[in-house]
Amino acid sequence: MGRRLRRGGVTISSVSIVIPTRNGGATVGPLLETIARQDIDVPVELVIVDSSSTDGSDAPLRQRADAFVTIPQASFNHGLTRNLGIERSHGDAVVLTVQDALPDSHDWLSNLIAPLRADDRVAGAFARQVPRPDAGPLATRSLARWVASSTTPRIATLSGADAFSALTPPQRLDRCAFDNVCSCVRRTVWQRHPFREVPIAEDLAWAKDVLLAGHAVAFAPDAVVVHSHERSPQYEFERTRLLHAELYKLFGLQTIPSLPSLARSIAATIADHARVEPGARGFQLAVAWPLGQYLGARAAAGAKM
């Protein structure tokens, strides 16, 4: 058992790590090994919520987890499944990560919970992400444009709904940046503000909720995970469409508001991708990403009319 440590007047006496999994045999093993080697001075609990894996990875996970929950694959929801994992956990601080994010050091966990220990205003913190060694140039650049790739720590706050409304949509998104690829939430705040039932962007929605409630959200760049994806253009289109529908609902963000701007964006992106990652996949992504942005926000805007 670890000793209790008080920093800045905030005690974290235990930590839970919640991981949603599905056929994670190729990646979960290294993640769990790295978790086991963390230098941390409090007890660490591991909770797995598995979406009915069929690759045999569930059996060893059952043995290693302090709590193992199986759900039907069809019932997975980014917000509700994480809520379920947190409900089955007990830690004062709850770390949320994904099965293919690999911490890159033994002090990842202590660095991630440090903002919650230092300041009781902080409702949650999220980690820095670096691309996998085999990541392609487009995946690497896409991650580099997200705040979770920065090396500069920050703490975001809001002074109320009027201050939020006064921001531009891009500023609202930036202020509410949060990423459950690897994050940590304070249990007492989550109890009042659980994750929403949404198809994507549950992390951004949660950050908006807690900021408007008067809490702060921190970025902890010293807590680093290796994580990136090489997804198919069809997957990226569907994901982008869903994401930008939520971004419009949350922040009023509409990056491509019209058909002429869509045409210009596709043309510019095709030329850009031809330089960065030439070939069929780069061309297909040059269409998929702008089209997903346009259709997602357009559908959300139409639904609100």
# chains A, B, ... in the order shown; residues from 1 in each chain; ligands from 1

$ residues_around --residues "stretch 295-305 of chain A" --least-positions-apart "6" --cutoff "10 Å" --atoms "only C-alpha atoms" --output "PyMOL selection string"
chain A and resi 237-249+252-258+262

$ write_last_selection --atoms "N, CA and C atoms" --output "PDB file, in the first residue's frame"
ATOM      1  N   PHE A 237     -13.491   9.379 -42.865  1.00  0.00           N
ATOM      2  CA  PHE A 237     -14.646  10.172 -43.275  1.00  0.00           C
ATOM      3  C   PHE A 237     -15.761  10.062 -42.234  1.00  0.00           C
ATOM      4  N   GLU A 238     -16.105   8.833 -41.834  1.00  0.00           N
ATOM      5  CA  GLU A 238     -17.194   8.644 -40.878  1.00  0.00           C
ATOM      6  C   GLU A 238     -16.851   9.275 -39.534  1.00  0.00           C
ATOM      7  N   ARG A 239     -15.610   9.103 -39.101  1.00  0.00           N
ATOM      8  CA  ARG A 239     -15.204   9.678 -37.821  1.00  0.00           C
ATOM      9  C   ARG A 239     -15.244  11.207 -37.883  1.00  0.00           C
ATOM     10  N   THR A 240     -14.744  11.782 -38.960  1.00  0.00           N
ATOM     11  CA  THR A 240     -14.733  13.237 -39.110  1.00  0.00           C
ATOM     12  C   THR A 240     -16.151  13.784 -39.164  1.00  0.00           C
ATOM     13  N   ARG A 241     -17.035  13.094 -39.866  1.00  0.00           N
ATOM     14  CA  ARG A 241     -18.428  13.534 -39.957  1.00  0.00           C
ATOM     15  C   ARG A 241     -19.085  13.562 -38.574  1.00  0.00           C
ATOM     16  N   LEU A 242     -18.910  12.484 -37.816  1.00  0.00           N
ATOM     17  CA  LEU A 242     -19.473  12.449 -36.468  1.00  0.00           C
ATOM     18  C   LEU A 242     -18.851  13.516 -35.572  1.00  0.00           C
ATOM     19  N   LEU A 243     -17.532  13.662 -35.663  1.00  0.00           N
ATOM     20  CA  LEU A 243     -16.834  14.612 -34.808  1.00  0.00           C
ATOM     21  C   LEU A 243     -17.297  16.038 -35.076  1.00  0.00           C
ATOM     22  N   HIS A 244     -17.413  16.407 -36.343  1.00  0.00           N
ATOM     23  CA  HIS A 244     -17.765  17.794 -36.639  1.00  0.00           C
ATOM     24  C   HIS A 244     -19.236  18.077 -36.383  1.00  0.00           C
ATOM     25  N   ALA A 245     -20.065  17.058 -36.385  1.00  0.00           N
ATOM     26  CA  ALA A 245     -21.437  17.267 -35.919  1.00  0.00           C
ATOM     27  C   ALA A 245     -21.426  17.631 -34.437  1.00  0.00           C
ATOM     28  N   GLU A 246     -20.620  16.938 -33.633  1.00  0.00           N
ATOM     29  CA  GLU A 246     -20.536  17.244 -32.206  1.00  0.00           C
ATOM     30  C   GLU A 246     -19.863  18.586 -31.958  1.00  0.00           C
ATOM     31  N   LEU A 247     -18.839  18.910 -32.755  1.00  0.00           N
ATOM     32  CA  LEU A 247     -18.162  20.189 -32.577  1.00  0.00           C
ATOM     33  C   LEU A 247     -19.102  21.363 -32.852  1.00  0.00           C
ATOM     34  N   TYR A 248     -20.014  21.181 -33.798  1.00  0.00           N
ATOM     35  CA  TYR A 248     -20.994  22.234 -34.045  1.00  0.00           C
ATOM     36  C   TYR A 248     -21.957  22.358 -32.856  1.00  0.00           C
ATOM     37  N   LYS A 249     -22.417  21.216 -32.354  1.00  0.00           N
ATOM     38  CA  LYS A 249     -23.346  21.250 -31.227  1.00  0.00           C
ATOM     39  C   LYS A 249     -22.696  21.864 -29.981  1.00  0.00           C
ATOM     40  N   GLY A 252     -20.464  25.499 -31.852  1.00  0.00           N
ATOM     41  CA  GLY A 252     -20.882  26.269 -33.012  1.00  0.00           C
ATOM     42  C   GLY A 252     -19.833  26.286 -34.107  1.00  0.00           C
ATOM     43  N   LEU A 253     -18.908  25.326 -34.095  1.00  0.00           N
ATOM     44  CA  LEU A 253     -17.791  25.315 -35.039  1.00  0.00           C
ATOM     45  C   LEU A 253     -18.230  24.742 -36.387  1.00  0.00           C
ATOM     46  N   GLN A 254     -17.986  25.475 -37.433  1.00  0.00           N
ATOM     47  CA  GLN A 254     -18.307  25.046 -38.789  1.00  0.00           C
ATOM     48  C   GLN A 254     -17.120  25.433 -39.667  1.00  0.00           C
ATOM     49  N   THR A 255     -16.176  24.519 -39.806  1.00  0.00           N
ATOM     50  CA  THR A 255     -14.923  24.834 -40.494  1.00  0.00           C
ATOM     51  C   THR A 255     -15.100  25.024 -41.989  1.00  0.00           C
ATOM     52  N   ILE A 256     -16.089  24.336 -42.582  1.00  0.00           N
ATOM     53  CA  ILE A 256     -16.346  24.449 -44.024  1.00  0.00           C
ATOM     54  C   ILE A 256     -17.836  24.721 -44.181  1.00  0.00           C
ATOM     55  N   PRO A 257     -18.239  25.988 -44.269  1.00  0.00           N
ATOM     56  CA  PRO A 257     -19.660  26.320 -44.157  1.00  0.00           C
ATOM     57  C   PRO A 257     -20.461  26.265 -45.450  1.00  0.00           C
ATOM     58  N   SER A 258     -19.810  26.109 -46.607  1.00  0.00           N
ATOM     59  CA  SER A 258     -20.551  26.182 -47.867  1.00  0.00           C
ATOM     60  C   SER A 258     -19.932  25.271 -48.915  1.00  0.00           C
ATOM     61  N   LEU A 262     -16.092  24.172 -49.591  1.00  0.00           N
ATOM     62  CA  LEU A 262     -15.745  22.749 -49.638  1.00  0.00           C
ATOM     63  C   LEU A 262     -14.893  22.455 -50.866  1.00  0.00           C
TER      64      LEU A 262
END

$ closest_residue --among "A:Glu236, A:Glu202, A:Asp55, A:Asp272" --to "A:Leu285" --atoms "only C-alpha atoms"
A:Glu236

$ closest_residue --among "A:Ala93, A:His229, A:Ser13, A:Leu250" --to "A:Pro137" --atoms "only C-alpha atoms"
A:His229

$ atom_distance --atom1 "atom CA of A:Val15" --atom2 "atom CA of A:Arg128"
19.2 Å

$ closest_residue --among "A:Thr140, A:Asn23, A:Thr81, A:Ser53" --to "A:Val276" --atoms "only C-alpha atoms"
A:Thr140
